[in-house]
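Contents: one structure, followed by commentary.
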Amino acid sequence: MRTPETHAREVAAALPARQATTVPLTQAQDMVLAADIHAGFPSPRFDNSQMDGYALPQCAAGTYPVGPTIAAGTEPAQVLDGPLASACPIMTGAKVPDGTAAIVPIERCEPQEFLSPGGRITVPKTSPGQFIRRTGSDLEESALLAARGDKLTPVRLAALASQGIDEVEVYRPARILICTGGAEIGHGSAAIPDANAPLLTAMAHRAGIDVAGYITTDDDPQALELAFTEAIAQHRPDAIITSGGISAGKFEVVCQVLDGWFGHVDQQPGGPQGIATFHNTPVICLPGNPISTLVSFRLFVAPALGWAPEPFHVPLAAGIEGLPHKDQFRRGRVDSHAHILGGASSHLLAQAADATHLIRIPAGQRLEEGQEVEVYPL
């Protein structure tokens with residue numbers, strides 16, 4: 001059997017190379033960068049004032065003559081004759097003139113108002129560099145601003161815009177078909193509703209993957225083969241993601257229709273897995289129990305076709321016994337510790353409704369409270 005890491009590499013290798021495209025920054029939210037971006041200039045680009053107040057030539061308390069006002073966007077050299085020699089009104093974000101020792105906020109001055117040149121303002125003692133945002137204190141010139149594979153969050157987009165960047169090279173969102181179903185799916189007395197299509201759709205959206213269409217199966221191999229053929233011709237997907245039909249049952253229709261690798265991964269839930277092609281389209285085959293589908297998509301599909309946060313380590317909130325030969329991916333929530341929610345079985349969908357992470361329990365280990373575990377954000 002394969003490890004989860006081995007299977008993740010095999011899934012990625014079976015999929016086509018991701019295609020890059022250039023889009024305006026205003027259309028790039030939640031897309032994934034296809035190339036590193038470095039800062040073209042430091043940020044801040046120049047020393048600037050953190051406060052509305054007075055720029056002072058020294059830090060000593062006292063009464064100073066008032067000089068010209070330095071507004072945001074004004075070059076100080078255009079209003080001053082040489083380095084700062086008086087207390088000049090300065091606005092937040094304004095470029096700090098040469099010779100400035102510190103900025104004192106207007107509310108600490110006497111009087112608490114901006115005086116005209118020639119007036120006199122009394123200020124308290126200040127610390128050197130007080131309320132001055134130094135050049136490059138946020139980002140140095142040529143520093144890595146955003147890396148290939150980063151998701152373009154609102155703050156990251158703002159950081160790019162602050163560098164004068166108005167378009168970015170991103171990966172084109174992959175397009176998938178979702179195939180779910182089975183003869184048991186329906187609304188009869190012995191049937192169950194389809195939970196996996198909505199689950200996969202939501203997870204694809206979160207990963208930045210477009211769902212081009214849906215295929216349903218009723219365990220008829222010929223009907224499924226025809227549905228695959230028609231859907232591929234209509235939607236031209238990058239991949240098909242199936243859920244169910246690959247285990248050891250009598251009616252495992254996906255295995256019957258597809259040629260490829262079908263086997264087991266050393267994990268619970270989500271042991272049965274498959275990788276195949278149909279008419280030159282990759283097909284990633286996931287097990288059909290809802291929690292198995294969730295775990296498998298998060299581990300194998302989202303990182304390969306879209307984006308998923310990197311796993312990290314936190315202490316366990318309570319001890320737990322691992323399985324003898326398989327890693328477990330329990331559902332839970334994470335704060336300063338990892339808290340397991342609900343049972344281990346792969347049908348316990350409602351018990352996982354509040355889960356925010358998968359919590360990995362290594363095979364053959366007894367973990368005590370406080371031991372660190374690897375967690376995968378959902």
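Ordering of the structure tokens sets the chain letters (A, B, ...), residue numbers begin anew at 1 in every chain, and ligands are numbered from 1 in the order given.
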Determine, for each residue of region 103-206 of chain A having at least one atom at most 12 Å from an atom of region 348-351 of chain A, the closest pair of atoms and their separation in Å to one decimal, counting only C-alpha atoms; order by chain and ascending number, as JSON lines.
{"residue": "A:Ala195", "atom": "CA", "partner": "A:Leu349", "partner_atom": "CA", "distance": 9.2}
{"residue": "A:Asn196", "atom": "CA", "partner": "A:Leu349", "partner_atom": "CA", "distance": 10.5}
{"residue": "A:Leu199", "atom": "CA", "partner": "A:Leu349", "partner_atom": "CA", "distance": 10.4}
I'd like the contact shell of Pro89 (chain A) - 10 Å cut-off, only C-alpha atoms, skipping same-chain residues fewer than 3 positions apart - returned as a list of chain:residue names. A:Asp52, A:Gly53, A:Tyr54, A:Ala55, A:Leu56, A:Val66, A:Gly67, A:Pro68, A:Thr69, A:Ile70, A:Ala71, A:Ser86, A:Ile103, A:Val104, A:Pro105, A:Ile106, A:Glu113, A:Phe114, A:Leu115, A:Ser116, A:Pro117
Just the number, please: distance in Å from CA of Ala239 (chain A) to CA of Leu200 (chain A), one decimal.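 If I compute the distance from CA of Ala239 (chain A) to CA of Leu200 (chain A), I get 13.6 Å.
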Excluding same-chain residues fewer than 3 positions from Ser243 (chain A), what lies within 12 Å of it counting only C-alpha atoms, as number ranges by chain? A: 177-182, 194-200, 214-217, 240, 246-247, 252-255, 270, 272-274, 283-297
For the selection you just gave me, I'd like the residues written to a file as a CSV table (one decimal), in the first residue's frame, keeping N, CA and C atoms.
chain,number,residue,atom,x,y,z
A,177,LEU,N,-14.9,18.0,-13.8
A,177,LEU,CA,-16.2,17.4,-13.8
A,177,LEU,C,-16.3,16.6,-12.5
A,178,ILE,N,-17.4,16.6,-11.8
A,178,ILE,CA,-17.6,15.9,-10.6
A,178,ILE,C,-18.6,14.7,-10.9
A,179,CYS,N,-18.2,13.5,-10.6
A,179,CYS,CA,-19.0,12.3,-10.8
A,179,CYS,C,-19.3,11.7,-9.5
A,180,THR,N,-20.6,11.7,-9.2
A,180,THR,CA,-21.1,11.0,-7.9
A,180,THR,C,-22.3,10.2,-8.3
A,181,GLY,N,-22.7,9.4,-7.3
A,181,GLY,CA,-23.9,8.6,-7.5
A,181,GLY,C,-23.8,7.2,-7.1
A,182,GLY,N,-24.5,6.3,-7.8
A,182,GLY,CA,-24.6,4.9,-7.4
A,182,GLY,C,-26.1,4.6,-7.3
A,194,ASP,N,-27.7,12.5,-2.2
A,194,ASP,CA,-26.3,12.7,-2.7
A,194,ASP,C,-25.7,13.9,-1.9
A,195,ALA,N,-24.8,13.6,-0.9
A,195,ALA,CA,-24.1,14.6,-0.2
A,195,ALA,C,-22.8,15.0,-0.8
A,196,ASN,N,-22.2,14.1,-1.6
A,196,ASN,CA,-20.9,14.3,-2.1
A,196,ASN,C,-20.7,15.3,-3.2
A,197,ALA,N,-21.7,15.4,-4.1
A,197,ALA,CA,-21.7,16.5,-5.1
A,197,ALA,C,-21.6,17.9,-4.5
A,198,PRO,N,-22.5,18.2,-3.5
A,198,PRO,CA,-22.3,19.5,-2.9
A,198,PRO,C,-21.0,19.7,-2.1
A,199,LEU,N,-20.6,18.6,-1.4
A,199,LEU,CA,-19.3,18.6,-0.7
A,199,LEU,C,-18.2,18.9,-1.6
A,200,LEU,N,-18.1,18.2,-2.7
A,200,LEU,CA,-17.0,18.4,-3.6
A,200,LEU,C,-17.0,19.8,-4.3
A,214,TYR,N,-21.4,18.1,-14.0
A,214,TYR,CA,-21.6,17.0,-13.1
A,214,TYR,C,-22.1,15.8,-13.9
A,215,ILE,N,-21.6,14.6,-13.4
A,215,ILE,CA,-22.0,13.4,-14.0
A,215,ILE,C,-22.6,12.5,-12.8
A,216,THR,N,-23.7,11.8,-13.1
A,216,THR,CA,-24.2,10.9,-12.1
A,216,THR,C,-24.2,9.5,-12.6
A,217,THR,N,-24.1,8.5,-11.7
A,217,THR,CA,-24.0,7.1,-12.2
A,217,THR,C,-25.0,6.3,-11.3
A,240,ILE,N,-11.4,14.7,-14.3
A,240,ILE,CA,-12.7,14.3,-13.7
A,240,ILE,C,-12.4,13.8,-12.3
A,246,ILE,N,-15.1,2.4,-6.3
A,246,ILE,CA,-13.8,1.9,-6.5
A,246,ILE,C,-13.4,0.9,-5.4
A,247,SER,N,-14.3,0.5,-4.6
A,247,SER,CA,-13.9,-0.4,-3.5
A,247,SER,C,-14.1,-1.9,-3.9
A,252,GLU,N,-18.9,-2.0,-8.4
A,252,GLU,CA,-17.9,-0.9,-8.4
A,252,GLU,C,-17.8,-0.4,-9.9
A,253,VAL,N,-18.7,0.5,-10.3
A,253,VAL,CA,-18.9,0.8,-11.7
A,253,VAL,C,-17.7,1.6,-12.2
A,254,VAL,N,-17.1,2.5,-11.4
A,254,VAL,CA,-15.9,3.3,-11.9
A,254,VAL,C,-14.8,2.4,-12.2
A,255,CYS,N,-14.5,1.4,-11.4
A,255,CYS,CA,-13.4,0.4,-11.8
A,255,CYS,C,-13.8,-0.4,-13.0
A,270,GLY,N,-10.4,6.9,3.8
A,270,GLY,CA,-9.9,7.2,2.4
A,270,GLY,C,-8.9,6.2,1.9
A,272,PRO,N,-9.3,3.3,-0.2
A,272,PRO,CA,-9.4,3.0,-1.6
A,272,PRO,C,-9.2,4.3,-2.4
A,273,GLN,N,-8.3,4.2,-3.4
A,273,GLN,CA,-8.0,5.4,-4.3
A,273,GLN,C,-7.8,4.8,-5.7
A,274,GLY,N,-7.9,5.7,-6.7
A,274,GLY,CA,-7.7,5.4,-8.1
A,274,GLY,C,-7.2,6.5,-8.9
A,283,VAL,N,-8.5,11.1,-14.6
A,283,VAL,CA,-9.6,10.8,-13.7
A,283,VAL,C,-9.0,10.4,-12.4
A,284,ILE,N,-9.3,11.2,-11.4
A,284,ILE,CA,-8.9,11.0,-10.0
A,284,ILE,C,-10.1,10.4,-9.2
A,285,CYS,N,-9.9,9.2,-8.8
A,285,CYS,CA,-11.0,8.4,-8.2
A,285,CYS,C,-10.9,8.4,-6.7
A,286,LEU,N,-11.9,8.9,-6.0
A,286,LEU,CA,-12.0,9.0,-4.6
A,286,LEU,C,-13.0,8.0,-4.0
A,287,PRO,N,-12.8,7.5,-2.8
A,287,PRO,CA,-13.8,6.7,-2.2
A,287,PRO,C,-15.1,7.4,-1.9
A,288,GLY,N,-16.2,6.7,-1.7
A,288,GLY,CA,-17.5,7.3,-1.7
A,288,GLY,C,-18.1,7.7,-0.4
A,289,ASN,N,-17.7,7.2,0.7
A,289,ASN,CA,-18.2,7.6,2.0
A,289,ASN,C,-17.8,9.1,2.1
A,290,PRO,N,-18.8,9.9,2.6
A,290,PRO,CA,-18.6,11.4,2.6
A,290,PRO,C,-17.3,11.9,3.3
A,291,ILE,N,-17.0,11.3,4.4
A,291,ILE,CA,-15.7,11.8,5.1
A,291,ILE,C,-14.5,11.3,4.3
A,292,SER,N,-14.6,10.1,3.8
A,292,SER,CA,-13.5,9.6,2.9
A,292,SER,C,-13.3,10.5,1.7
A,293,THR,N,-14.4,11.0,1.1
A,293,THR,CA,-14.3,11.9,0.0
A,293,THR,C,-13.7,13.2,0.4
A,294,LEU,N,-14.1,13.8,1.6
A,294,LEU,CA,-13.6,15.0,2.1
A,294,LEU,C,-12.1,14.9,2.3
A,295,VAL,N,-11.6,13.9,3.1
A,295,VAL,CA,-10.2,13.7,3.4
A,295,VAL,C,-9.4,13.6,2.1
A,296,SER,N,-9.9,12.8,1.2
A,296,SER,CA,-9.1,12.5,-0.1
A,296,SER,C,-9.0,13.7,-0.9
A,297,PHE,N,-10.1,14.5,-1.1
A,297,PHE,CA,-10.0,15.7,-1.9
A,297,PHE,C,-9.0,16.7,-1.3
Region 160-175 of chain A: which residues within 6 Å, counting only C-alpha atoms, same-chain residues fewer than 5 positions away excluded, as number ranges by chain? A: 19-25, 32-34, 209-212, 237-238
If you run DSSP over the backbone, which residues in region 119-250 of chain A end up strand (DSSP E)? Put them as a PyMOL selection string. chain A and resi 120-123+132-133+144-146+167-171+175-181+210-217+239-243
Val96 (chain A) environment, 12 Å, only C-alpha atoms, sequence neighbours closer than 4 positions dropped, as JSON, numbers by chain: {"A": [44, 45, 46, 47, 48, 49, 50, 51, 52, 53, 54, 55, 56, 57, 69, 70, 71, 72, 73, 74, 75, 76, 77, 80, 83, 84, 88, 89, 90, 91, 92, 100, 101, 102, 103, 129, 130, 131, 132, 133, 134, 135]}
Compare A:His357, A:Arg120, A:Arg298, A:Arg236 by their minimum atom-to-atom distance to Val314 (chain A), counting only C-alpha atoms, and give me the closest one. A:His357
Hey, could you make a per-residue contact list for region 218-312 of chain A against region 4-8 of chain A with 7 Å as the cut-off, showing the nearest pair of atoms and its distance in Å to one decimal, counting only C-alpha atoms, sorted by chain and number, as JSON lines?
{"residue": "A:Val265", "atom": "CA", "partner": "A:Pro4", "partner_atom": "CA", "distance": 6.1}
{"residue": "A:Asp266", "atom": "CA", "partner": "A:Pro4", "partner_atom": "CA", "distance": 6.6}
{"residue": "A:Gln267", "atom": "CA", "partner": "A:Pro4", "partner_atom": "CA", "distance": 7.0}
{"residue": "A:Phe300", "atom": "CA", "partner": "A:Ala8", "partner_atom": "CA", "distance": 5.0}
Same residues, N, CA, C and O atoms, output as a PDB file, in the first residue's frame:
ATOM      1  N   VAL A 265      -4.335   3.240  -0.033  1.00  0.00           N
ATOM      2  CA  VAL A 265      -3.375   4.128   0.598  1.00  0.00           C
ATOM      3  C   VAL A 265      -3.439   3.862   2.101  1.00  0.00           C
ATOM      4  O   VAL A 265      -4.522   3.617   2.655  1.00  0.00           O
ATOM      5  N   ASP A 266      -2.277   3.899   2.749  1.00  0.00           N
ATOM      6  CA  ASP A 266      -2.205   3.594   4.176  1.00  0.00           C
ATOM      7  C   ASP A 266      -2.792   4.731   5.007  1.00  0.00           C
ATOM      8  O   ASP A 266      -2.070   5.470   5.697  1.00  0.00           O
ATOM      9  N   GLN A 267      -4.094   4.873   4.955  1.00  0.00           N
ATOM     10  CA  GLN A 267      -4.750   5.911   5.739  1.00  0.00           C
ATOM     11  C   GLN A 267      -6.186   5.509   6.030  1.00  0.00           C
ATOM     12  O   GLN A 267      -6.763   4.664   5.332  1.00  0.00           O
ATOM     13  N   PHE A 300      -5.313  15.161  -1.735  1.00  0.00           N
ATOM     14  CA  PHE A 300      -4.782  14.788  -3.039  1.00  0.00           C
ATOM     15  C   PHE A 300      -5.211  15.692  -4.190  1.00  0.00           C
ATOM     16  O   PHE A 300      -4.423  15.936  -5.106  1.00  0.00           O
TER      17      PHE A 300
END
Do you have the CA of Ser345 (chain A)-CA of Glu10 (chain A) distance handy?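 Value for the CA of Ser345 (chain A)-CA of Glu10 (chain A) distance: 26.0 Å.
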Give me, as a tab-separated table, the closest atom pair and its distance (Å, one decimal) for every residue of region 202-265 of chain A within a cut-off of 12 Å of region 136-152 of chain A, counting only C-alpha atoms, rows sorted by chain and rising number.
residue	atom	partner	partner_atom	distance
A:Arg206	CA	A:Lys151	CA	11.2
A:Ala207	CA	A:Lys151	CA	9.7
A:Gly208	CA	A:Lys151	CA	9.3
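What separates CA of Gly332 (chain A) from CA of Ile359 (chain A) is a distance of 6.5 Å.
Closest approach to Met203 (chain A) from the set A:Ile275, A:Ala223, A:Ala308, A:Ala363 is made by A:Ala308, with distances taken over only C-alpha atoms.
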Using DSSP on the backbone coordinates, identify the residues of region 126-316 of chain A assigned to alpha helix (DSSP H); present them as a VMD selection string. chain A and resid 154 to 161 196 to 206 221 to 235 253 to 257 290 to 296 302 to 305
